[in-house]
Amino acid sequence: MAGQVTSDHTGAVRESGNDGPGRLSRIAGLFGMGPETADRELSRQLSVVIVLLASLAILPSIVLCFWAAHEFDAFAEAHERILLERALGEAFERVAADQEGVTHWDDAVTFTRARDQHWMDDNVGVWMADYYGHDLLYVLDEENEPILAVEGGETVAPAAFERLRADVTGLAGELRSQLPLAETPGTLTVSDLMEVDGHPALLSLKPIVPSTDRVAFEPARTYLHLSVVYIEGEFLERLGARNLVEGTRFEPPGAPVPVSDPLPLVSARDGPLGNIVWTPSAPGQKVILAISPGIIVSVMALLALIFWLLSRLRRAIIQIRTSRAEVQHLAFHDTLTGLPNRALFDDRLDQALALVRRGEGRIALHYIDLDRFKNVNDTFGHPAGDELIQQVAERLMTITRQSDTVARLGGDEFVILQSSVRGVLSAKKLAERTLEALRQPYQLSSDRVFVGASIGIAVAPDSAGDRFELMRKADIALYQAKSDGKNRVYIFEDSFDEMVQLKREVEEDLRHALSGGDGLALAYQPFYAQDGKEICGAEALFRWNHPRHGSLSPAALIAIAEERGLAGELGEWILREACRTAIAVDLPVLSINISPLQFQDKAFPDMVLGVLAEIGMDPRRLQIEIKENMLLENGESFGPALDKLRDAGVRVALDDFGSGYASFRYLHRFRVDGIKIDRNFVQNMENDQSTAAIVQVMFDLARAFEIDIVAGGIETESQWKRLLDLGTPNLQGFLFSRPLPREELSVLLSKHAHPARPVLEGS
């Protein structure tokens with residue numbers, strides 16, 4: 001029904017900013033003409049009325065004045081209704097946008113599934129209530145059972161959700177039915193207007209889904225985020241104040257209303273909930289009061305007042321036209337920075353590409369993502385983050401030409417549309433100037449912070465000729481820049497696209513292989529006692545003979561698995577398969593390398609101990625290897641998991657020892673059972689006295705801390721002899737054995753005796 005506010009509970013996917021022009025067109029359409037034509041028509045009608053008033057006697061003039069005042073009041077009331085209708089629609093969209101900021105996020109998927117109450121309070125619960133003013137917030141698991149409830153800014157028992165279950169069940173079912181088919185599930189929204197606790201409210205339901213491929217999207221396991229905003233009280237007062245409409249409030253059905261055409265709130269499920277009403281500004285009545293003394297006194301006074309009225313009306317029309325321009329500006333510009341938003345940028349990019357297709361030059365699209373922005377938000381708060389975004393926008397405007405377009409797409413993402421590009425070199429020069437400008441320090445109140453940026457560039461028509469493809473390729477180049485260390489510029493190359501396709505193909509094949517184990521294998525490299533004969537254990541090494549690409553680098557495979565959210569699944573497969581082998585061949589100690597992403601999963605220690613219990617392997621026969629730099633970067637967060645595993649008997653060893661910058665401090669801080677000397681030290685110690693001295697210090701440290709030591713990467717007998725001179729290490733390397741399949745390992749073990757107790761493994 002035209003003119004009424006109804007909730008959008010269809011779950012349709014909407015791109016941010018795309019419906020701005022449509023809203024303006026609908027507003028003008030209420031008058032059956034364009035905005036400028038409506039202004040001219042109003043001005044013409046009022047002029048005619050004034051001329052007639054001047055030519056009539058006083059009594060008809062009074063009648064006509066009251067009629068004109070009534071008509072103008074009605075127009076003002078209709079205009080106020082349009083403003084409120086538009087503002088209410090934008091407020092509903094803003095609720096979904098507020099949710100999407102925290103629901104379309106890898107961390108949200110990880111921590112809600114882990115049911116981390118503290119994290120949920122800080123990011124999707126109490127924080128959202130405090131920052132955005134949402135009244136009720138809930139997180140529902142895959143069975144639509146509440147795991148978080150926040151009401152009035154305070155965390156309450158999840159059972160508080162029960163009073164809403166009947167209202168939410170239908171919405172949740174509708175949303176879940178759309179998840180398997182959605183191309184971009186993060187933008188799905190299902191909402192409706194309902195009565196909650198006696199209040200009219202908007203219920204907005206969104207799925208909690210990953211923002212990247214690093215976390216797997218599983219529709220059946222998707223959690224939901226429910227936000228409830230009461231449409232009354234302060235909500236409507238703020239809405240009216242922003243649009244200069246006084247007395248905005250909610251009235252239930254049947255209550256008297258002060259306007260002729262109130263704004264109804266209609267629920268898709270329950271029908272009418274009531275009306276939004278306001279105190280009309282009634283400019284016509286005010287004008288009548290102003291001119292009535294002149295009408296009574298004399299005709300001349302009446303004519304003078306009519307002239308004054310005409311001037312006031314014309315000014316009002318000018319103000320309306322100015323307000324319309326301001327509304328249109330807000331529809332196409334970012335409110336925080338004043339830069340063009342996505343809708344306006346898309347329009348300008350389409351225009352620029354149209355010129356490119358006609359052969360009128362080239363353009364470059366710079367896709368910019370700030371590095372370490374989240375650290376600023378987390379450390380100094382969101383107001384500081386907003387101030388930083390504003391300063392970044394100012395710097396980007398300073399280094400670009402007037403013919404270029406700088407836009408903010410959202411969050412910490414910016415784009416520059418560089419026009420009249422002579423070649424790739426000119427695009428790269430602008431990008432380098434951008435990096436240099438953005439890496440300079442920022443003064444935020446009393447704090448000085450540093451952030452950098454990563455930039456991906458795509459040039460048209462070289463890389464693409466349409467907007468979507470150009471944006472996609474610039475995004476791919478940006479992703480490559482961030483993957484290779486951030487704070488750099490990459491210009492799109494076909495190899496980037498090929499790499500993305502390869503990773504996607506390998507990811508799909510790896511998922512298939514993990515589901516059935518096809519082609520996946522482990523090799524085992526033994527490590528020996530100092531005599532080079534007695535086998536102390538073996539390290540499990542991942543191998544995969546890809547059906548199309550052949551043998552792939554284990555390091556590359558692990559990187560793809562971590563990037564695409566498969567690290568946990570692959571790590572569990574390796575652990576389970578290696579433990580079965582250790583039992584089957586009676587391996588004294590099994591050593592397995594652990595990915596840092598596995599440690600970020602709070603369930604990782606329980607998974608390890610569960611696999612050991614399932615297979616029947618003594619935890620003391622398992623040793624996990626962690627890279628030294630991994631411990632340096634994440635030691636505090638990894639500490640509890642390491643302690644739990646060690647308390648259960650699992651051994652912990654530091655791999656590539658000596659490659660980090662704080663090895664000694666971390667040996668003292670964390671309990672480890674052994675260290676493995678980085679292979680570069682082993683291979684260089686014969687020709688470099690300083691390297692030999694460092695290796696000697698490592699042996700001294702191992703003795704001081706009473707932990708085992710393994711020398712890896714031994715390839716010559718002279719290296720072996722030199723190591724024996726320094727201490728009593730365990731040994732691993734091609735000199736003794738290459739990585740072996742399970743069958744050959746079994747044969748090798750049958751020829752060697754086992755040590756009396758487990759010792760540190762090698763790599």
# chains A, B, ... in the order shown; residues from 1 in each chain; ligands from 1
call {"tool": "residues_around", "arguments": {"residues": "Arg176 in chain A", "least_positions_apart": "5", "cutoff": "12 Å", "atoms": "only C-alpha atoms", "output": "ChimeraX atom specification"}}
result
/A:11,140-144,169-171,181-182,185,188-190,205-208,218-224
call {"tool": "residues_around", "arguments": {"residues": "Gln683 in chain A", "least_positions_apart": "6", "cutoff": "10 Å", "atoms": "only C-alpha atoms", "output": "list in words"}}
result
Thr691, Ala692, Gly712, Gly713, Ile714, Glu715, Thr716 and Gln719 of chain A
call {"tool": "atom_distance", "arguments": {"atom1": "CA of Phe496 in chain A", "atom2": "CA of Thr184 in chain A"}}
result
22.5 Å
call {"tool": "atom_distance", "arguments": {"atom1": "CA of Arg472 in chain A", "atom2": "CA of Arg488 in chain A"}}
result
18.4 Å
call {"tool": "closest_residue", "arguments": {"among": "A:Glu151, A:Glu85, A:Asp116, A:Asp213", "to": "Glu563 in chain A", "atoms": "only C-alpha atoms"}}
result
A:Asp213
call {"tool": "select_by_dssp", "arguments": {"residues": "range 371-613 of chain A", "states": "helix (DSSP H, G or I)", "output": "PyMOL selection string"}}
result
chain A and resi 373-380+382-399+424-438+467-483+494-516+554-563+567-585+596-600+604-613
call {"tool": "write_last_selection", "arguments": {"atoms": "C-alpha atoms", "output": "CSV table (one decimal), in the first residue's frame"}}
result
chain,number,residue,atom,x,y,z
A,373,PHE,CA,43.5,-0.1,11.6
A,374,LYS,CA,41.8,-2.7,13.8
A,375,ASN,CA,44.7,-2.3,16.4
A,376,VAL,CA,43.9,1.4,16.6
A,377,ASN,CA,40.2,0.7,17.1
A,378,ASP,CA,40.9,-2.0,19.7
A,379,THR,CA,43.5,0.1,21.6
A,380,PHE,CA,42.1,3.6,21.5
A,382,HIS,CA,36.1,3.7,17.9
A,383,PRO,CA,36.0,7.5,18.2
A,384,ALA,CA,39.8,7.4,17.6
A,385,GLY,CA,39.3,5.1,14.7
A,386,ASP,CA,36.8,7.6,13.2
A,387,GLU,CA,39.3,10.4,13.6
A,388,LEU,CA,41.9,8.4,11.9
A,389,ILE,CA,39.6,7.6,9.0
A,390,GLN,CA,39.0,11.4,8.6
A,391,GLN,CA,42.7,12.2,8.6
A,392,VAL,CA,43.3,9.5,6.0
A,393,ALA,CA,40.6,11.0,3.8
A,394,GLU,CA,42.2,14.4,4.1
A,395,ARG,CA,45.6,13.0,3.1
A,396,LEU,CA,44.2,11.2,0.1
A,397,MET,CA,42.4,14.4,-1.1
A,398,THR,CA,45.7,16.3,-0.7
A,399,ILE,CA,47.8,13.9,-3.0
A,424,VAL,CA,51.2,1.7,-15.5
A,425,LEU,CA,54.2,3.8,-14.2
A,426,SER,CA,52.0,6.9,-13.6
A,427,ALA,CA,49.5,4.7,-11.6
A,428,LYS,CA,52.4,3.2,-9.6
A,429,LYS,CA,53.8,6.7,-8.8
A,430,LEU,CA,50.5,7.9,-7.4
A,431,ALA,CA,50.2,4.7,-5.3
A,432,GLU,CA,53.7,5.2,-3.9
A,433,ARG,CA,52.9,8.8,-3.0
A,434,THR,CA,49.8,7.4,-1.3
A,435,LEU,CA,51.8,4.8,0.7
A,436,GLU,CA,54.3,7.5,1.8
A,437,ALA,CA,51.5,9.9,2.9
A,438,LEU,CA,49.6,7.2,4.8
A,467,ARG,CA,33.2,-2.0,-13.4
A,468,PHE,CA,32.7,-5.3,-11.7
A,469,GLU,CA,35.7,-7.0,-13.4
A,470,LEU,CA,37.9,-4.0,-12.7
A,471,MET,CA,36.9,-3.9,-9.0
A,472,ARG,CA,37.5,-7.6,-8.8
A,473,LYS,CA,41.0,-7.5,-10.2
A,474,ALA,CA,42.0,-4.5,-8.1
A,475,ASP,CA,40.7,-6.4,-5.1
A,476,ILE,CA,42.8,-9.5,-6.1
A,477,ALA,CA,45.9,-7.3,-6.4
A,478,LEU,CA,45.1,-5.8,-3.0
A,479,TYR,CA,44.8,-9.3,-1.5
A,480,GLN,CA,48.1,-10.3,-3.0
A,481,ALA,CA,49.8,-7.2,-1.5
A,482,LYS,CA,48.4,-8.0,1.9
A,483,SER,CA,49.4,-11.7,1.6
A,494,ASP,CA,47.1,-12.3,-15.0
A,495,SER,CA,49.2,-14.5,-12.8
A,496,PHE,CA,47.3,-13.2,-9.7
A,497,ASP,CA,44.1,-14.3,-11.2
A,498,GLU,CA,45.6,-17.6,-12.1
A,499,MET,CA,46.9,-18.0,-8.6
A,500,VAL,CA,43.4,-17.3,-7.2
A,501,GLN,CA,41.9,-19.9,-9.6
A,502,LEU,CA,44.6,-22.4,-8.6
A,503,LYS,CA,44.0,-21.8,-4.9
A,504,ARG,CA,40.3,-22.2,-5.4
A,505,GLU,CA,40.8,-25.4,-7.4
A,506,VAL,CA,43.3,-26.8,-4.9
A,507,GLU,CA,41.0,-25.9,-2.0
A,508,GLU,CA,38.0,-27.7,-3.6
A,509,ASP,CA,40.2,-30.8,-4.4
A,510,LEU,CA,41.6,-30.7,-0.9
A,511,ARG,CA,38.2,-30.6,0.7
A,512,HIS,CA,37.2,-33.6,-1.5
A,513,ALA,CA,40.4,-35.4,-0.5
A,514,LEU,CA,39.8,-34.7,3.2
A,515,SER,CA,36.3,-36.1,3.0
A,516,GLY,CA,37.7,-39.4,1.6
A,554,PRO,CA,53.8,-29.1,1.5
A,555,ALA,CA,54.5,-25.5,2.6
A,556,ALA,CA,52.2,-24.2,-0.2
A,557,LEU,CA,49.5,-26.7,0.7
A,558,ILE,CA,49.6,-25.8,4.4
A,559,ALA,CA,49.4,-22.1,3.4
A,560,ILE,CA,46.3,-22.7,1.2
A,561,ALA,CA,44.7,-24.7,4.0
A,562,GLU,CA,45.3,-22.0,6.5
A,563,GLU,CA,44.0,-19.3,4.1
A,567,ALA,CA,43.9,-25.8,8.8
A,568,GLY,CA,41.9,-27.4,11.6
A,569,GLU,CA,40.4,-30.2,9.4
A,570,LEU,CA,43.7,-31.0,7.8
A,571,GLY,CA,45.5,-30.9,11.1
A,572,GLU,CA,43.1,-33.4,12.6
A,573,TRP,CA,43.5,-35.7,9.6
A,574,ILE,CA,47.3,-35.6,9.9
A,575,LEU,CA,47.1,-36.2,13.7
A,576,ARG,CA,44.7,-39.1,13.4
A,577,GLU,CA,46.6,-40.8,10.5
A,578,ALA,CA,50.0,-40.3,12.1
A,579,CYS,CA,48.8,-41.7,15.5
A,580,ARG,CA,47.4,-44.8,13.7
A,581,THR,CA,50.8,-45.3,12.1
A,582,ALA,CA,52.7,-44.8,15.4
A,583,ILE,CA,50.5,-47.5,17.0
A,584,ALA,CA,50.8,-49.9,14.0
A,585,VAL,CA,54.7,-49.7,13.7
A,596,PRO,CA,49.2,-21.4,14.5
A,597,LEU,CA,45.5,-21.3,13.3
A,598,GLN,CA,45.0,-24.6,15.1
A,599,PHE,CA,46.1,-23.1,18.4
A,600,GLN,CA,43.6,-20.2,17.9
A,604,PHE,CA,42.3,-27.7,19.9
A,605,PRO,CA,43.7,-29.3,23.1
A,606,ASP,CA,40.5,-31.3,23.6
A,607,MET,CA,40.6,-32.4,20.0
A,608,VAL,CA,44.2,-33.7,20.4
A,609,LEU,CA,43.5,-35.5,23.6
A,610,GLY,CA,40.3,-36.9,22.1
A,611,VAL,CA,42.1,-38.4,19.1
A,612,LEU,CA,44.7,-40.0,21.4
A,613,ALA,CA,42.0,-41.5,23.5
call {"tool": "closest_residue", "arguments": {"among": "A:Ile624, A:Tyr524, A:Ala129, A:Gln99", "to": "Glu744 in chain A", "atoms": "only C-alpha atoms"}}
result
A:Tyr524
call {"tool": "atom_distance", "arguments": {"atom1": "CA of Arg86 in chain A", "atom2": "CA of Glu237 in chain A"}}
result
15.2 Å
call {"tool": "residues_around", "arguments": {"residues": "Asp369 in chain A", "least_positions_apart": "4", "cutoff": "7 Å", "atoms": "only C-alpha atoms", "output": "ChimeraX atom specification"}}
result
/A:412-414,453-455
call {"tool": "residues_around", "arguments": {"residues": "Leu587 in chain A", "least_positions_apart": "2", "cutoff": "12 Å", "atoms": "only C-alpha atoms", "output": "MDAnalysis selection string"}}
result
chainID A and resid 524:527 535:540 578:585 589:591 617:618 620:622 742 745:750 752:755 757:758 761
call {"tool": "write_last_selection", "arguments": {"atoms": "C-alpha atoms", "output": "CSV table (one decimal), in the first residue's frame"}}
result
chain,number,residue,atom,x,y,z
A,524,TYR,CA,58.0,-40.1,8.3
A,525,GLN,CA,61.6,-38.9,8.8
A,526,PRO,CA,63.2,-40.7,11.7
A,527,PHE,CA,65.5,-39.0,14.3
A,535,ILE,CA,65.8,-44.6,16.4
A,536,CYS,CA,64.2,-42.4,18.9
A,537,GLY,CA,61.1,-41.4,17.0
A,538,ALA,CA,59.9,-39.9,13.7
A,539,GLU,CA,58.4,-36.7,12.4
A,540,ALA,CA,55.2,-36.9,10.3
A,578,ALA,CA,50.0,-40.3,12.1
A,579,CYS,CA,48.8,-41.7,15.5
A,580,ARG,CA,47.4,-44.8,13.7
A,581,THR,CA,50.8,-45.3,12.1
A,582,ALA,CA,52.7,-44.8,15.4
A,583,ILE,CA,50.5,-47.5,17.0
A,584,ALA,CA,50.8,-49.9,14.0
A,585,VAL,CA,54.7,-49.7,13.7
A,589,VAL,CA,57.8,-40.9,19.7
A,590,LEU,CA,55.6,-39.3,17.1
A,591,SER,CA,56.3,-35.6,16.3
A,617,MET,CA,47.9,-43.9,22.2
A,618,ASP,CA,49.8,-42.8,25.3
A,620,ARG,CA,53.6,-39.2,26.3
A,621,ARG,CA,54.4,-40.7,22.9
A,622,LEU,CA,53.1,-37.6,21.1
A,742,ARG,CA,54.7,-46.0,6.5
A,745,LEU,CA,59.4,-46.9,8.3
A,746,SER,CA,58.0,-50.2,9.7
A,747,VAL,CA,60.9,-52.2,8.1
A,748,LEU,CA,63.5,-49.7,9.3
A,749,LEU,CA,62.1,-49.8,12.9
A,750,SER,CA,62.3,-53.6,12.9
A,752,HIS,CA,66.8,-50.8,15.2
A,753,ALA,CA,66.3,-50.9,18.9
A,754,HIS,CA,64.1,-48.4,20.7
A,755,PRO,CA,65.4,-46.0,23.4
A,757,ARG,CA,62.4,-43.3,27.1
A,758,PRO,CA,60.9,-40.8,24.7
A,761,GLU,CA,62.1,-35.5,17.9
call {"tool": "residues_around", "arguments": {"residues": "Leu203 in chain A", "least_positions_apart": "3", "cutoff": "10 Å", "atoms": "only C-alpha atoms", "output": "ChimeraX atom specification"}}
result
/A:7,9,92,95-96,136-137,164,167-168,171,190-196,200,226-230
call {"tool": "closest_residue", "arguments": {"among": "A:Val652, A:Val406, A:Ile677, A:Leu370", "to": "Val451 in chain A", "atoms": "only C-alpha atoms"}}
result
A:Leu370
call {"tool": "select_by_dssp", "arguments": {"residues": "range 102-326 of chain A", "states": "strand (DSSP E)", "output": "PyMOL selection string"}}
result
chain A and resi 136-140+146-151+154-156+190-196+199-208+223-230+249-251+263-267+271-277
call {"tool": "write_last_selection", "arguments": {"atoms": "C-alpha atoms", "output": "tab-separated table (two decimals), in the first residue's frame"}}
result
chain	number	residue	atom	x	y	z
A	136	LEU	CA	17.70	-6.15	22.68
A	137	LEU	CA	20.43	-8.35	21.19
A	138	TYR	CA	20.61	-12.13	20.91
A	139	VAL	CA	22.89	-14.71	19.31
A	140	LEU	CA	21.19	-17.97	18.26
A	146	PRO	CA	20.05	-18.55	22.46
A	147	ILE	CA	23.68	-18.44	23.59
A	148	LEU	CA	23.83	-14.70	24.29
A	149	ALA	CA	21.16	-12.27	25.47
A	150	VAL	CA	21.69	-8.54	26.04
A	151	GLU	CA	18.81	-6.37	27.20
A	154	GLU	CA	23.33	-5.61	30.18
A	155	THR	CA	24.02	-9.31	29.60
A	156	VAL	CA	21.14	-11.43	30.88
A	190	VAL	CA	15.24	-10.94	7.34
A	191	SER	CA	13.25	-8.43	9.36
A	192	ASP	CA	9.73	-7.55	10.45
A	193	LEU	CA	7.88	-5.11	12.65
A	194	MET	CA	6.32	-6.68	15.74
A	195	GLU	CA	5.15	-5.81	19.23
A	196	VAL	CA	7.78	-6.74	21.83
A	199	HIS	CA	6.53	-1.82	22.43
A	200	PRO	CA	6.48	-1.55	18.64
A	201	ALA	CA	9.85	-2.84	17.50
A	202	LEU	CA	11.95	-3.74	14.49
A	203	LEU	CA	13.29	-7.32	14.61
A	204	SER	CA	16.31	-7.66	12.32
A	205	LEU	CA	17.87	-11.10	11.85
A	206	LYS	CA	21.20	-11.67	10.09
A	207	PRO	CA	23.45	-14.73	9.65
A	208	ILE	CA	26.90	-14.78	11.25
A	223	TYR	CA	24.57	-18.89	13.92
A	224	LEU	CA	22.14	-15.96	13.79
A	225	HIS	CA	22.27	-12.45	15.24
A	226	LEU	CA	18.97	-10.86	16.30
A	227	SER	CA	18.71	-7.14	16.98
A	228	VAL	CA	15.55	-5.52	18.38
A	229	VAL	CA	15.06	-1.74	18.24
A	230	TYR	CA	12.02	-0.14	19.87
A	249	ARG	CA	5.92	9.81	18.65
A	250	PHE	CA	4.05	6.50	18.40
A	251	GLU	CA	0.34	6.13	18.97
A	263	LEU	CA	2.53	7.11	9.08
A	264	PRO	CA	1.29	3.56	9.82
A	265	LEU	CA	3.56	0.84	11.16
A	266	VAL	CA	2.49	-2.44	9.57
A	267	SER	CA	3.82	-5.88	10.49
A	271	GLY	CA	-0.87	-6.34	10.45
A	272	PRO	CA	-1.18	-2.74	11.75
A	273	LEU	CA	0.69	-2.01	14.99
A	274	GLY	CA	-0.16	1.68	15.26
A	275	ASN	CA	0.85	5.04	13.78
A	276	ILE	CA	3.78	7.41	13.89
A	277	VAL	CA	2.46	10.93	14.40
call {"tool": "residues_around", "arguments": {"residues": "Glu625 in chain A", "least_positions_apart": "6", "cutoff": "9 Å", "atoms": "only C-alpha atoms", "output": "MDAnalysis selection string"}}
result
chainID A and resid 591:594 651:655 761 763
call {"tool": "write_last_selection", "arguments": {"atoms": "N, CA and C atoms", "output": "PDB file, in the first residue's frame"}}
result
ATOM      1  N   SER A 591      56.265 -37.085  16.226  1.00  0.00           N
ATOM      2  CA  SER A 591      56.338 -35.625  16.260  1.00  0.00           C
ATOM      3  C   SER A 591      55.500 -35.055  15.118  1.00  0.00           C
ATOM      4  N   ILE A 592      54.682 -34.037  15.431  1.00  0.00           N
ATOM      5  CA  ILE A 592      53.787 -33.427  14.442  1.00  0.00           C
ATOM      6  C   ILE A 592      53.905 -31.914  14.542  1.00  0.00           C
ATOM      7  N   ASN A 593      54.014 -31.267  13.377  1.00  0.00           N
ATOM      8  CA  ASN A 593      54.050 -29.804  13.326  1.00  0.00           C
ATOM      9  C   ASN A 593      52.629 -29.255  13.433  1.00  0.00           C
ATOM     10  N   ILE A 594      52.466 -28.174  14.172  1.00  0.00           N
ATOM     11  CA  ILE A 594      51.154 -27.596  14.432  1.00  0.00           C
ATOM     12  C   ILE A 594      51.069 -26.204  13.810  1.00  0.00           C
ATOM     13  N   ARG A 651      54.306 -33.905  24.787  1.00  0.00           N
ATOM     14  CA  ARG A 651      55.568 -33.163  24.788  1.00  0.00           C
ATOM     15  C   ARG A 651      55.482 -31.983  23.821  1.00  0.00           C
ATOM     16  N   VAL A 652      56.209 -30.916  24.132  1.00  0.00           N
ATOM     17  CA  VAL A 652      56.215 -29.705  23.310  1.00  0.00           C
ATOM     18  C   VAL A 652      57.656 -29.360  22.975  1.00  0.00           C
ATOM     19  N   ALA A 653      57.910 -29.119  21.676  1.00  0.00           N
ATOM     20  CA  ALA A 653      59.261 -28.765  21.236  1.00  0.00           C
ATOM     21  C   ALA A 653      59.216 -27.496  20.399  1.00  0.00           C
ATOM     22  N   LEU A 654      60.277 -26.689  20.505  1.00  0.00           N
ATOM     23  CA  LEU A 654      60.413 -25.481  19.696  1.00  0.00           C
ATOM     24  C   LEU A 654      61.192 -25.820  18.429  1.00  0.00           C
ATOM     25  N   ASP A 655      60.575 -25.575  17.273  1.00  0.00           N
ATOM     26  CA  ASP A 655      61.211 -25.858  15.991  1.00  0.00           C
ATOM     27  C   ASP A 655      61.960 -24.614  15.521  1.00  0.00           C
ATOM     28  N   GLU A 761      62.041 -35.115  19.292  1.00  0.00           N
ATOM     29  CA  GLU A 761      62.068 -35.503  17.886  1.00  0.00           C
ATOM     30  C   GLU A 761      62.851 -34.509  17.064  1.00  0.00           C
ATOM     31  N   SER A 763      63.310 -32.778  12.827  1.00  0.00           N
ATOM     32  CA  SER A 763      62.471 -32.364  11.708  1.00  0.00           C
ATOM     33  C   SER A 763      63.255 -32.464  10.452  1.00  0.00           C
TER      34      SER A 763
END
